[in-house]
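Colleague: Mind looking over this structure? Questions follow.
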Amino acid sequence: MAETAQATVTFGVLNETSDHESRVALTPDIVARLRKAGVSCLIESGAGVAANYVDEDYTKAGAEVVSADDVISRSDALGFIDRPDAELIARMKPGTWVIGMLGSFTDTDYIASLEQAGLVGVGIEKLPRQLSSAQSMDEMTSQNSVMGYKAVLVAANAYGSFFPMMTTAAGTIRPAKVLILGAGIAGLQAIGTARRLGAVVTAYDVRPAAQGEVESLGAKFLDLGLDFSKGQGEGGYARQLTAEEQAAQQAAVDEKAAGFDVIITTAKVPGRKPPMLLTKAGVDGLKRGAVIVDCAASELGGNVEGSTVGTQVTEGGVTIIGAPYLASEVTNTASNLLARNVADVLAHFVRDGKLAMDLNEELDNALVVAGRAEAPAAEGK
Ligand code: NAD
């Protein structure tokens, strides 16, 4: 970020109100970082408390702590973790930039509502993650990494035995056998964490490139005996499998899953319903006491048939934990990382002391999902 003498853009962050959210999109260290980029910060009183930052921490860092109404009316740009709802959108002044995960892959009505309100939408889900200039803006990577770590701790907590092998005077306990399905950012972090706890770890991903990454972390790659040599699609992501491929994959995973004590699923395909990897037959085939943590659980469904957000125990004694919000449970570090990501997205658009979009820039064209052609927030500043 370039040094500028005077802050000319105002960035605001509100208290995140959803029940599952304890993170905050601005942390005190980032206030100072943004000032250097010509951005002054407003934060709603109490917004950082759940992430262990009190108002005084923000004031000391140089932010103004104000009411929600003031944040909304005085900010040129607002940063969010959960995207703002219709009621909040209606309170924003036209020309405000809205930065966060806006769901633009799946929810065109929502993006249209931003357009109608005259807002500029910056959808972090559209970040071209392979660009080196985008690395520090990558909220998906930072938060999925936190999620993968926490998923293992949640699983270990629910599991009725040890993860490591343990020799005691009363006998030797065998290590837990852990299966990680989906070996992207979250899955690789889960492998590392489960290995550090002493579990014997196996992992699977449809992308052929994942095998080397799994093995380099000391885990075994699960061979399903299926050829998904073209499992990698655009941008290094998994492609969506055909119905036949998916059925073959499910049958193979269901069969192999029976040998594991703990299963952690993290598989996604950007902008689509998560693929179902383990069906009810696979869950029923697990031993009593087995634990599943489904990080892909959502209202669209998850990686495990019948998983919902929260915990359920099947008749066969298998605990299924649908846990899409785990990053929020590592609230302090997850906030620090996320705030840096959001701030770097914002700072990218600060040009000559104003917020502006450059139609010739790849990053701008990818990220600006509403209010594309003009830079209204810059007017009249
Ligand atoms: P993600 O959260 O979208 O998906 C998680 C994992 O699920 C992926 O590895 C995906 O291959 C896997 N998956 C999807 N469908 C599956 C199926 N049917 N069966 C098994 N596994 C399935 O992805 P992610 O973790 O954010 O990242 C995915 C890839 O993008 C990785 O290769 C990662 O290294 C790459 N990436 C690159 C950059 C970069 O270039 N800077 C940044 C971030 C991620």
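Ligands are numbered from 1 in the order shown, residues from 1 within each chain, and chains are lettered A, B, ... in the order they appear in the structure tokens.
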Using only C-alpha atoms and all ligand atoms, which residues of chain A come within 8 Å of ligand 1, and what is the closest atom pair for each, with the distance in Å to one decimal? Give it as JSON lines, sorted by chain and residue number.

Modeller:
```
{"residue": "A:Arg129", "atom": "CA", "partner": "ligand 1", "partner_atom_place_in_ligand_line": "41 (N)", "distance": 4.7}
{"residue": "A:Gln130", "atom": "CA", "partner": "ligand 1", "partner_atom_place_in_ligand_line": "40 (O)", "distance": 3.4}
{"residue": "A:Leu131", "atom": "CA", "partner": "ligand 1", "partner_atom_place_in_ligand_line": "41 (N)", "distance": 6.6}
{"residue": "A:Ser132", "atom": "CA", "partner": "ligand 1", "partner_atom_place_in_ligand_line": "41 (N)", "distance": 6.8}
{"residue": "A:Ala134", "atom": "CA", "partner": "ligand 1", "partner_atom_place_in_ligand_line": "41 (N)", "distance": 7.7}
{"residue": "A:Gln135", "atom": "CA", "partner": "ligand 1", "partner_atom_place_in_ligand_line": "41 (N)", "distance": 5.9}
{"residue": "A:Asp138", "atom": "CA", "partner": "ligand 1", "partner_atom_place_in_ligand_line": "42 (C)", "distance": 7.2}
{"residue": "A:Met140", "atom": "CA", "partner": "ligand 1", "partner_atom_place_in_ligand_line": "26 (O)", "distance": 6.0}
{"residue": "A:Thr141", "atom": "CA", "partner": "ligand 1", "partner_atom_place_in_ligand_line": "43 (C)", "distance": 5.5}
{"residue": "A:Asn144", "atom": "CA", "partner": "ligand 1", "partner_atom_place_in_ligand_line": "25 (O)", "distance": 7.0}
{"residue": "A:Leu181", "atom": "CA", "partner": "ligand 1", "partner_atom_place_in_ligand_line": "20 (C)", "distance": 6.0}
{"residue": "A:Gly182", "atom": "CA", "partner": "ligand 1", "partner_atom_place_in_ligand_line": "7 (O)", "distance": 3.9}
{"residue": "A:Ala183", "atom": "CA", "partner": "ligand 1", "partner_atom_place_in_ligand_line": "9 (O)", "distance": 4.5}
{"residue": "A:Gly184", "atom": "CA", "partner": "ligand 1", "partner_atom_place_in_ligand_line": "9 (O)", "distance": 3.2}
{"residue": "A:Ile185", "atom": "CA", "partner": "ligand 1", "partner_atom_place_in_ligand_line": "25 (O)", "distance": 3.7}
{"residue": "A:Ala186", "atom": "CA", "partner": "ligand 1", "partner_atom_place_in_ligand_line": "25 (O)", "distance": 5.6}
{"residue": "A:Gly187", "atom": "CA", "partner": "ligand 1", "partner_atom_place_in_ligand_line": "6 (C)", "distance": 6.9}
{"residue": "A:Tyr204", "atom": "CA", "partner": "ligand 1", "partner_atom_place_in_ligand_line": "20 (C)", "distance": 6.1}
{"residue": "A:Asp205", "atom": "CA", "partner": "ligand 1", "partner_atom_place_in_ligand_line": "21 (N)", "distance": 3.7}
{"residue": "A:Val206", "atom": "CA", "partner": "ligand 1", "partner_atom_place_in_ligand_line": "20 (C)", "distance": 4.2}
{"residue": "A:Arg207", "atom": "CA", "partner": "ligand 1", "partner_atom_place_in_ligand_line": "11 (O)", "distance": 5.1}
{"residue": "A:Ala209", "atom": "CA", "partner": "ligand 1", "partner_atom_place_in_ligand_line": "32 (O)", "distance": 7.3}
{"residue": "A:Ala210", "atom": "CA", "partner": "ligand 1", "partner_atom_place_in_ligand_line": "32 (O)", "distance": 6.9}
{"residue": "A:Gly231", "atom": "CA", "partner": "ligand 1", "partner_atom_place_in_ligand_line": "11 (O)", "distance": 7.8}
{"residue": "A:Gln232", "atom": "CA", "partner": "ligand 1", "partner_atom_place_in_ligand_line": "11 (O)", "distance": 7.0}
{"residue": "A:Gly235", "atom": "CA", "partner": "ligand 1", "partner_atom_place_in_ligand_line": "30 (O)", "distance": 7.3}
{"residue": "A:Gly236", "atom": "CA", "partner": "ligand 1", "partner_atom_place_in_ligand_line": "30 (O)", "distance": 5.3}
{"residue": "A:Tyr237", "atom": "CA", "partner": "ligand 1", "partner_atom_place_in_ligand_line": "29 (C)", "distance": 4.8}
{"residue": "A:Ala238", "atom": "CA", "partner": "ligand 1", "partner_atom_place_in_ligand_line": "11 (O)", "distance": 4.1}
{"residue": "A:Arg239", "atom": "CA", "partner": "ligand 1", "partner_atom_place_in_ligand_line": "15 (N)", "distance": 6.9}
{"residue": "A:Gln240", "atom": "CA", "partner": "ligand 1", "partner_atom_place_in_ligand_line": "15 (N)", "distance": 6.7}
{"residue": "A:Leu241", "atom": "CA", "partner": "ligand 1", "partner_atom_place_in_ligand_line": "18 (N)", "distance": 6.4}
{"residue": "A:Gln246", "atom": "CA", "partner": "ligand 1", "partner_atom_place_in_ligand_line": "18 (N)", "distance": 6.8}
{"residue": "A:Gln249", "atom": "CA", "partner": "ligand 1", "partner_atom_place_in_ligand_line": "18 (N)", "distance": 7.5}
{"residue": "A:Thr266", "atom": "CA", "partner": "ligand 1", "partner_atom_place_in_ligand_line": "5 (C)", "distance": 5.5}
{"residue": "A:Ala267", "atom": "CA", "partner": "ligand 1", "partner_atom_place_in_ligand_line": "7 (O)", "distance": 3.1}
{"residue": "A:Lys268", "atom": "CA", "partner": "ligand 1", "partner_atom_place_in_ligand_line": "4 (O)", "distance": 4.0}
{"residue": "A:Val269", "atom": "CA", "partner": "ligand 1", "partner_atom_place_in_ligand_line": "3 (O)", "distance": 4.8}
{"residue": "A:Pro270", "atom": "CA", "partner": "ligand 1", "partner_atom_place_in_ligand_line": "3 (O)", "distance": 5.1}
{"residue": "A:Pro274", "atom": "CA", "partner": "ligand 1", "partner_atom_place_in_ligand_line": "15 (N)", "distance": 7.3}
{"residue": "A:Pro275", "atom": "CA", "partner": "ligand 1", "partner_atom_place_in_ligand_line": "18 (N)", "distance": 5.3}
{"residue": "A:Met276", "atom": "CA", "partner": "ligand 1", "partner_atom_place_in_ligand_line": "18 (N)", "distance": 7.3}
{"residue": "A:Leu277", "atom": "CA", "partner": "ligand 1", "partner_atom_place_in_ligand_line": "18 (N)", "distance": 6.5}
```

Colleague: Would you mind exporting N, CA and C atoms of the selected residues as a compact mmCIF listing (two decimals), in the first residue's frame?

Modeller:
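Contents of out24.txt, as written:
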```txt
# COMPACT_ATOMS: atom_id res chain seq x y z
N ARG A 129 -7.90 -16.06 -7.77
CA ARG A 129 -6.98 -16.41 -6.68
C ARG A 129 -5.58 -16.74 -7.17
N GLN A 130 -5.47 -17.05 -8.49
CA GLN A 130 -4.15 -17.41 -9.01
C GLN A 130 -3.26 -16.19 -9.22
N LEU A 131 -3.86 -14.98 -9.25
CA LEU A 131 -3.06 -13.76 -9.45
C LEU A 131 -2.21 -13.50 -8.22
N SER A 132 -0.93 -13.21 -8.42
CA SER A 132 -0.10 -13.01 -7.24
C SER A 132 -0.53 -11.76 -6.48
N ALA A 134 -3.39 -10.89 -5.86
CA ALA A 134 -4.64 -11.15 -5.14
C ALA A 134 -4.43 -12.02 -3.88
N GLN A 135 -3.23 -12.50 -3.67
CA GLN A 135 -3.01 -13.47 -2.59
C GLN A 135 -3.45 -12.95 -1.22
N ASP A 138 -7.27 -12.99 -0.31
CA ASP A 138 -7.99 -14.24 -0.49
C ASP A 138 -8.67 -14.72 0.79
N MET A 140 -11.24 -16.65 1.02
CA MET A 140 -11.59 -18.08 0.99
C MET A 140 -10.43 -18.90 1.56
N THR A 141 -9.22 -18.56 1.15
CA THR A 141 -8.07 -19.32 1.63
C THR A 141 -7.88 -19.11 3.13
N ASN A 144 -10.94 -20.76 5.06
CA ASN A 144 -11.01 -22.22 4.91
C ASN A 144 -9.87 -22.91 5.65
N LEU A 181 -12.20 -35.91 3.19
CA LEU A 181 -12.73 -35.90 1.81
C LEU A 181 -12.74 -34.47 1.30
N GLY A 182 -12.00 -34.21 0.24
CA GLY A 182 -11.79 -32.85 -0.25
C GLY A 182 -10.47 -32.36 0.31
N ALA A 183 -9.45 -32.29 -0.53
CA ALA A 183 -8.12 -31.91 -0.04
C ALA A 183 -7.68 -30.59 -0.68
N GLY A 184 -8.54 -29.58 -0.54
CA GLY A 184 -8.17 -28.21 -0.95
C GLY A 184 -7.55 -27.50 0.24
N ILE A 185 -7.83 -26.22 0.36
CA ILE A 185 -7.24 -25.43 1.45
C ILE A 185 -7.65 -25.99 2.82
N ALA A 186 -8.95 -26.19 3.02
CA ALA A 186 -9.44 -26.68 4.32
C ALA A 186 -8.97 -28.10 4.57
N GLY A 187 -9.06 -28.95 3.55
CA GLY A 187 -8.69 -30.36 3.70
C GLY A 187 -7.22 -30.53 4.03
N TYR A 204 -8.82 -37.83 0.27
CA TYR A 204 -9.23 -38.02 -1.12
C TYR A 204 -9.69 -36.70 -1.71
N ASP A 205 -9.37 -36.50 -2.97
CA ASP A 205 -9.88 -35.34 -3.73
C ASP A 205 -10.00 -35.77 -5.17
N VAL A 206 -10.94 -35.16 -5.87
CA VAL A 206 -11.16 -35.51 -7.27
C VAL A 206 -10.08 -34.92 -8.19
N ARG A 207 -9.41 -33.87 -7.74
CA ARG A 207 -8.36 -33.27 -8.58
C ARG A 207 -7.11 -34.13 -8.52
N ALA A 209 -4.13 -33.42 -9.05
CA ALA A 209 -3.00 -32.73 -8.45
C ALA A 209 -2.97 -32.87 -6.93
N ALA A 210 -4.13 -33.22 -6.35
CA ALA A 210 -4.21 -33.27 -4.88
C ALA A 210 -3.39 -34.43 -4.30
N GLY A 231 -10.45 -34.54 -13.47
CA GLY A 231 -11.25 -34.02 -12.35
C GLY A 231 -11.00 -32.55 -12.08
N GLN A 232 -9.93 -32.00 -12.66
CA GLN A 232 -9.64 -30.59 -12.45
C GLN A 232 -10.27 -29.74 -13.54
N GLY A 235 -9.44 -22.87 -13.64
CA GLY A 235 -8.79 -22.14 -12.54
C GLY A 235 -8.22 -23.04 -11.46
N GLY A 236 -8.00 -24.34 -11.78
CA GLY A 236 -7.42 -25.23 -10.78
C GLY A 236 -8.45 -25.82 -9.83
N TYR A 237 -9.73 -25.44 -9.99
CA TYR A 237 -10.79 -25.97 -9.13
C TYR A 237 -11.27 -27.31 -9.66
N ALA A 238 -12.01 -28.03 -8.79
CA ALA A 238 -12.65 -29.27 -9.24
C ALA A 238 -13.75 -28.91 -10.22
N ARG A 239 -13.99 -29.78 -11.21
CA ARG A 239 -15.16 -29.57 -12.07
C ARG A 239 -16.32 -30.34 -11.45
N GLN A 240 -17.52 -30.02 -11.90
CA GLN A 240 -18.68 -30.78 -11.44
C GLN A 240 -18.69 -32.14 -12.14
N LEU A 241 -18.86 -33.21 -11.39
CA LEU A 241 -18.87 -34.54 -12.00
C LEU A 241 -20.22 -34.79 -12.68
N GLN A 246 -20.62 -39.24 -10.41
CA GLN A 246 -20.93 -38.99 -9.02
C GLN A 246 -21.45 -40.27 -8.34
N GLN A 249 -18.57 -42.52 -7.71
CA GLN A 249 -17.75 -42.01 -6.61
C GLN A 249 -18.40 -42.31 -5.26
N THR A 266 -14.83 -31.60 3.20
CA THR A 266 -14.61 -30.18 2.88
C THR A 266 -14.79 -29.90 1.39
N ALA A 267 -15.46 -30.81 0.67
CA ALA A 267 -15.47 -30.70 -0.79
C ALA A 267 -16.52 -29.72 -1.30
N LYS A 268 -16.08 -28.86 -2.18
CA LYS A 268 -16.99 -27.88 -2.79
C LYS A 268 -16.65 -27.72 -4.26
N VAL A 269 -17.60 -27.18 -5.01
CA VAL A 269 -17.35 -26.75 -6.38
C VAL A 269 -17.86 -25.31 -6.42
N PRO A 270 -17.01 -24.32 -6.73
CA PRO A 270 -17.43 -22.93 -6.60
C PRO A 270 -18.76 -22.63 -7.27
N PRO A 274 -22.81 -28.25 -2.98
CA PRO A 274 -21.68 -29.13 -2.70
C PRO A 274 -21.97 -30.56 -3.17
N PRO A 275 -20.98 -31.26 -3.69
CA PRO A 275 -21.23 -32.64 -4.13
C PRO A 275 -21.48 -33.56 -2.93
N MET A 276 -22.45 -34.48 -3.07
CA MET A 276 -22.65 -35.45 -2.00
C MET A 276 -21.65 -36.59 -2.18
N LEU A 277 -20.80 -36.77 -1.19
CA LEU A 277 -19.74 -37.79 -1.30
C LEU A 277 -20.08 -39.05 -0.53
```

Colleague: Show me, as an MDAnalysis selection string, the residues that have an atom within 10 Å of segment 302-319 of chain A when counting only C-alpha atoms, minus same-chain residues fewer than 6 positions from it.

Modeller: chainID A and resid 155 158:159 181:182 261:262 264:268 273:296 325

Colleague: Please identify all polymer residues within 10 Å of segment 49-58 of chain A, counting only C-alpha atoms, omitting same-chain residues fewer than 2 positions from it, and present them as a compact mmCIF listing (two decimals) with N, CA, C and O atoms, in the first residue's frame.

Modeller:
```txt
# COMPACT_ATOMS: atom_id res chain seq x y z
N ASN A 15 -21.43 -4.15 13.36
CA ASN A 15 -21.50 -5.38 14.14
C ASN A 15 -22.17 -6.45 13.28
O ASN A 15 -23.23 -6.20 12.71
N GLU A 16 -21.56 -7.61 13.15
CA GLU A 16 -22.19 -8.71 12.40
C GLU A 16 -23.28 -9.31 13.27
O GLU A 16 -23.03 -9.68 14.42
N GLU A 21 -22.15 -15.76 13.95
CA GLU A 21 -20.97 -14.96 13.61
C GLU A 21 -20.35 -14.25 14.81
O GLU A 21 -21.01 -13.50 15.51
N SER A 22 -19.08 -14.51 15.07
CA SER A 22 -18.39 -13.76 16.12
C SER A 22 -17.17 -13.01 15.57
O SER A 22 -16.46 -12.37 16.33
N ARG A 23 -16.95 -13.13 14.27
CA ARG A 23 -15.81 -12.39 13.69
C ARG A 23 -16.19 -10.94 13.42
O ARG A 23 -17.35 -10.58 13.43
N VAL A 24 -15.17 -10.13 13.14
CA VAL A 24 -15.38 -8.73 12.79
C VAL A 24 -14.51 -8.44 11.56
O VAL A 24 -13.41 -8.98 11.43
N ALA A 25 -15.01 -7.60 10.66
CA ALA A 25 -14.31 -7.37 9.38
C ALA A 25 -13.25 -6.28 9.45
O ALA A 25 -12.64 -5.94 8.44
N LEU A 26 -13.03 -5.73 10.65
CA LEU A 26 -11.95 -4.73 10.81
C LEU A 26 -11.31 -4.95 12.17
O LEU A 26 -12.00 -5.03 13.19
N THR A 27 -9.98 -5.07 12.20
CA THR A 27 -9.27 -5.24 13.46
C THR A 27 -8.35 -4.02 13.65
O THR A 27 -8.00 -3.34 12.67
N PRO A 28 -7.95 -3.71 14.90
CA PRO A 28 -7.20 -2.48 15.14
C PRO A 28 -5.92 -2.35 14.31
O PRO A 28 -5.61 -1.25 13.81
N ASP A 29 -5.18 -3.43 14.13
CA ASP A 29 -3.92 -3.33 13.34
C ASP A 29 -4.21 -2.89 11.90
O ASP A 29 -3.39 -2.19 11.28
N ILE A 30 -5.37 -3.24 11.41
CA ILE A 30 -5.73 -2.91 10.03
C ILE A 30 -6.12 -1.43 9.89
O ILE A 30 -5.99 -0.84 8.82
N VAL A 31 -6.59 -0.83 10.98
CA VAL A 31 -6.95 0.60 10.94
C VAL A 31 -5.71 1.40 10.54
O VAL A 31 -5.77 2.27 9.65
N ALA A 32 -4.59 1.09 11.16
CA ALA A 32 -3.34 1.82 10.86
C ALA A 32 -2.88 1.51 9.44
O ALA A 32 -2.42 2.41 8.71
N CYS A 41 -11.21 5.01 9.14
CA CYS A 41 -12.13 3.93 9.49
C CYS A 41 -13.16 4.35 10.52
O CYS A 41 -12.85 5.04 11.49
N LEU A 42 -14.38 3.86 10.31
CA LEU A 42 -15.47 4.00 11.27
C LEU A 42 -15.88 2.59 11.68
O LEU A 42 -15.97 1.71 10.83
N ILE A 43 -16.13 2.40 12.96
CA ILE A 43 -16.62 1.09 13.38
C ILE A 43 -17.76 1.26 14.38
O ILE A 43 -17.72 2.17 15.22
N GLU A 44 -18.76 0.40 14.26
CA GLU A 44 -19.90 0.47 15.20
C GLU A 44 -19.42 0.05 16.58
O GLU A 44 -18.67 -0.92 16.73
N SER A 45 -19.87 0.76 17.57
CA SER A 45 -19.50 0.45 18.96
C SER A 45 -19.83 -1.02 19.27
O SER A 45 -20.93 -1.49 18.97
N GLY A 46 -18.87 -1.72 19.83
CA GLY A 46 -19.08 -3.11 20.25
C GLY A 46 -18.87 -4.14 19.15
O GLY A 46 -18.91 -5.34 19.41
N ALA A 47 -18.58 -3.70 17.92
CA ALA A 47 -18.50 -4.66 16.81
C ALA A 47 -17.37 -5.68 16.98
O ALA A 47 -17.46 -6.79 16.46
N LYS A 60 -7.70 3.81 19.96
CA LYS A 60 -6.24 3.96 20.07
C LYS A 60 -5.57 3.77 18.72
O LYS A 60 -4.56 4.40 18.42
N ALA A 61 -6.13 2.89 17.90
CA ALA A 61 -5.53 2.62 16.58
C ALA A 61 -5.85 3.73 15.57
O ALA A 61 -5.30 3.74 14.47
N GLY A 62 -6.78 4.65 15.94
CA GLY A 62 -7.07 5.78 15.05
C GLY A 62 -8.41 5.70 14.35
O GLY A 62 -8.71 6.53 13.48
N ALA A 63 -9.25 4.71 14.73
CA ALA A 63 -10.60 4.63 14.13
C ALA A 63 -11.57 5.46 14.96
O ALA A 63 -11.30 5.78 16.11
N GLU A 64 -12.69 5.81 14.38
CA GLU A 64 -13.76 6.48 15.12
C GLU A 64 -14.81 5.43 15.46
O GLU A 64 -15.26 4.69 14.55
N VAL A 65 -15.18 5.35 16.73
CA VAL A 65 -16.21 4.40 17.14
C VAL A 65 -17.53 5.16 17.21
O VAL A 65 -17.65 6.13 17.95
N VAL A 66 -18.49 4.74 16.41
CA VAL A 66 -19.74 5.50 16.27
C VAL A 66 -20.95 4.56 16.25
O VAL A 66 -20.79 3.34 16.36
N SER A 328 -15.59 -18.96 12.42
CA SER A 328 -16.07 -17.99 13.40
C SER A 328 -15.74 -18.41 14.82
O SER A 328 -15.71 -17.59 15.73
N GLU A 329 -15.48 -19.72 15.02
CA GLU A 329 -15.15 -20.20 16.37
C GLU A 329 -13.69 -19.97 16.73
O GLU A 329 -13.28 -20.20 17.86
N VAL A 330 -12.88 -19.60 15.75
CA VAL A 330 -11.48 -19.22 16.04
C VAL A 330 -11.45 -17.70 15.83
O VAL A 330 -10.75 -17.17 14.99
N THR A 331 -12.30 -17.02 16.59
CA THR A 331 -12.74 -15.68 16.26
C THR A 331 -11.63 -14.64 16.12
O THR A 331 -11.65 -13.81 15.21
N ASN A 332 -10.63 -14.71 17.00
CA ASN A 332 -9.61 -13.66 16.98
C ASN A 332 -8.72 -13.77 15.75
O ASN A 332 -8.61 -12.82 14.96
N THR A 333 -8.13 -14.92 15.55
CA THR A 333 -7.23 -15.08 14.40
C THR A 333 -7.99 -15.04 13.09
O THR A 333 -7.51 -14.44 12.11
N ALA A 334 -9.17 -15.64 13.06
CA ALA A 334 -9.96 -15.59 11.81
C ALA A 334 -10.27 -14.14 11.45
O ALA A 334 -10.19 -13.75 10.28
N SER A 335 -10.60 -13.30 12.45
CA SER A 335 -10.88 -11.88 12.19
C SER A 335 -9.62 -11.16 11.70
O SER A 335 -9.70 -10.35 10.77
N ASN A 336 -8.50 -11.43 12.34
CA ASN A 336 -7.25 -10.75 11.92
C ASN A 336 -6.96 -11.03 10.45
O ASN A 336 -6.60 -10.12 9.69
```

Colleague: From the options A:Ser229, A:Asn157, A:Gln116, A:Thr17, which residue's atoms come nearest to Gly371 of chain A, counting only C-alpha atoms?

Modeller: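 Looking only at the distances to Gly371 of chain A, the closest residue turns out to be A:Gln116.
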
Colleague: From segment 222-269 of chain A, collect each residue whose DSSP state is helix (DSSP H, G or I) and return the set as a list in words.

Modeller: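 In segment 222-269 of chain A, DSSP puts these residues in helix (DSSP H, G or I): Glu234, Gly235, Gly236, Ala243, Glu244, Glu245, Gln246, Ala247, Ala248, Gln249, Gln250, Ala251, Ala252, Val253, Asp254, Glu255, Lys256 and Ala257 of chain A.
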
Colleague: I want to know what sits within 9 Å of Arg91 of chain A, based on only C-alpha atoms, with residues of the same chain fewer than 4 positions away left out; could you give that as JSON, numbers by chain?

Modeller: {"A": [69, 72, 73, 86, 87]}

Colleague: For the strand (DSSP E) assignment from backbone DSSP, which residues of segment 171-268 of chain A qualify? Please present them as a PDB file with C-alpha atoms, in the first residue's frame.

Modeller:
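Listed below is the output, out_22.pdb:
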```
ATOM      1  CA  GLY A 171      -3.237 -51.503  27.487  1.00  0.00           C
ATOM      2  CA  THR A 172      -2.332 -49.850  24.192  1.00  0.00           C
ATOM      3  CA  ILE A 173      -4.884 -47.675  22.460  1.00  0.00           C
ATOM      4  CA  LYS A 177      -8.196 -43.575  11.543  1.00  0.00           C
ATOM      5  CA  VAL A 178      -9.231 -40.271   9.982  1.00  0.00           C
ATOM      6  CA  LEU A 179     -10.509 -39.777   6.434  1.00  0.00           C
ATOM      7  CA  ILE A 180     -10.517 -36.292   4.891  1.00  0.00           C
ATOM      8  CA  LEU A 181     -12.731 -35.902   1.811  1.00  0.00           C
ATOM      9  CA  VAL A 200      -3.492 -42.052  10.939  1.00  0.00           C
ATOM     10  CA  VAL A 201      -4.768 -39.912   8.081  1.00  0.00           C
ATOM     11  CA  THR A 202      -6.088 -40.781   4.633  1.00  0.00           C
ATOM     12  CA  ALA A 203      -7.466 -38.208   2.204  1.00  0.00           C
ATOM     13  CA  TYR A 204      -9.235 -38.024  -1.117  1.00  0.00           C
ATOM     14  CA  LYS A 220      -2.229 -41.649   2.435  1.00  0.00           C
ATOM     15  CA  PHE A 221      -4.219 -40.890  -0.728  1.00  0.00           C
ATOM     16  CA  VAL A 262     -13.578 -40.027  11.875  1.00  0.00           C
ATOM     17  CA  ILE A 263     -14.544 -38.455   8.541  1.00  0.00           C
ATOM     18  CA  ILE A 264     -14.106 -34.760   7.773  1.00  0.00           C
ATOM     19  CA  THR A 265     -15.605 -33.460   4.525  1.00  0.00           C
TER      20      THR A 265
END
```

Colleague: Point out the residue among A:Leu367, A:Ile320, A:Leu222, A:Val9 with the least atom-to-atom distance to Lys126 of chain A, counting only C-alpha atoms.

Modeller: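 For Lys126 of chain A, the nearest of the candidates is A:Leu367.
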
Colleague: Please provide as a PyMOL selection string all residues within 12 Å of Ser136 of chain A, with the sequence filter that same-chain residues fewer than 2 positions apart are discarded (counting only C-alpha atoms).

Modeller: chain A and resi 1+124+127-134+138-142+337-348

Colleague: Go ahead and write the residues just picked, C-alpha atoms, as a short mmCIF file (atom, residue, chain, number, x, y, z; two decimals), in the first residue's frame.

Modeller:
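Result file follows (part_19.cif):
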```
data_model
loop_
_atom_site.label_atom_id
_atom_site.label_comp_id
_atom_site.auth_asym_id
_atom_site.auth_seq_id
_atom_site.Cartn_x
_atom_site.Cartn_y
_atom_site.Cartn_z
CA MET A 1 0.00 0.00 0.00
CA ILE A 124 -14.69 -11.40 -2.94
CA LEU A 127 -11.29 -13.09 -6.66
CA PRO A 128 -8.94 -14.53 -9.33
CA ARG A 129 -6.98 -16.41 -6.68
CA GLN A 130 -4.15 -17.41 -9.01
CA LEU A 131 -3.06 -13.76 -9.45
CA SER A 132 -0.10 -13.01 -7.24
CA SER A 133 -1.48 -9.51 -6.51
CA ALA A 134 -4.64 -11.15 -5.14
CA ASP A 138 -7.99 -14.24 -0.49
CA GLU A 139 -10.65 -14.57 2.19
CA MET A 140 -11.59 -18.08 0.99
CA THR A 141 -8.07 -19.32 1.63
CA SER A 142 -7.62 -17.65 5.01
CA LEU A 337 -6.78 -12.66 8.68
CA LEU A 338 -10.15 -11.72 7.22
CA ALA A 339 -9.75 -8.02 8.07
CA ARG A 340 -6.43 -7.98 6.20
CA ASN A 341 -8.09 -9.64 3.18
CA VAL A 342 -10.98 -7.15 3.10
CA ALA A 343 -8.69 -4.16 3.66
CA ASP A 344 -6.41 -5.16 0.80
CA VAL A 345 -9.43 -5.50 -1.51
CA LEU A 346 -10.56 -2.01 -0.48
CA ALA A 347 -7.08 -0.47 -0.81
CA HIS A 348 -6.81 -1.90 -4.32
#
```

Colleague: For atom CA of Gly301 of chain A and atom CA of Arg272 of chain A, determine how far apart the two atoms are, in Å to one decimal place.

Modeller: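 One can read the atom CA of Gly301 of chain A to atom CA of Arg272 of chain A distance as 10.6 Å.
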
Colleague: Find, counting only C-alpha atoms, the residue in A:Gly212, A:Gly198, A:Gly121, A:Gly103 that gets nearest to Ala156 of chain A.

Modeller: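 Looking only at the distances to Ala156 of chain A, the closest residue turns out to be A:Gly198.
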
Colleague: Which one is closest to Gly118 of chain A: A:Ala370, A:Leu88, A:Asp352, A:Gly38? Count only C-alpha atoms.

Modeller: A:Ala370

Colleague: Write out as a PyMOL selection string each polymer residue whose atoms come within 8 Å of Ala190 of chain A, counting only C-alpha atoms; drop sequence neighbours fewer than 6 positions from it.

Modeller: chain A and resi 148-152+180

Colleague: Save the residues we just selected, N, CA, C and O atoms, as a tab-separated table (two decimals), in the first residue's frame?

Modeller:
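Contents of part-v3.tsv, as written:
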```tsv
chain	number	residue	atom	x	y	z
A	148	GLY	N	-10.49	-25.73	8.42
A	148	GLY	CA	-9.92	-27.08	8.37
A	148	GLY	C	-9.25	-27.46	9.68
A	148	GLY	O	-9.38	-28.59	10.16
A	149	TYR	N	-8.57	-26.49	10.26
A	149	TYR	CA	-7.92	-26.71	11.56
A	149	TYR	C	-8.97	-27.02	12.63
A	149	TYR	O	-8.89	-28.02	13.34
A	150	LYS	N	-9.98	-26.15	12.69
A	150	LYS	CA	-10.98	-26.28	13.75
A	150	LYS	C	-11.82	-27.56	13.59
A	150	LYS	O	-12.25	-28.16	14.57
A	151	ALA	N	-12.04	-27.97	12.34
A	151	ALA	CA	-12.86	-29.18	12.09
A	151	ALA	C	-12.25	-30.39	12.79
A	151	ALA	O	-12.97	-31.24	13.32
A	152	VAL	N	-10.93	-30.45	12.79
A	152	VAL	CA	-10.27	-31.60	13.42
A	152	VAL	C	-10.46	-31.55	14.94
A	152	VAL	O	-10.72	-32.57	15.58
A	180	ILE	N	-10.17	-37.66	5.29
A	180	ILE	CA	-10.52	-36.29	4.89
A	180	ILE	C	-10.98	-36.34	3.43
A	180	ILE	O	-10.21	-36.77	2.55
```
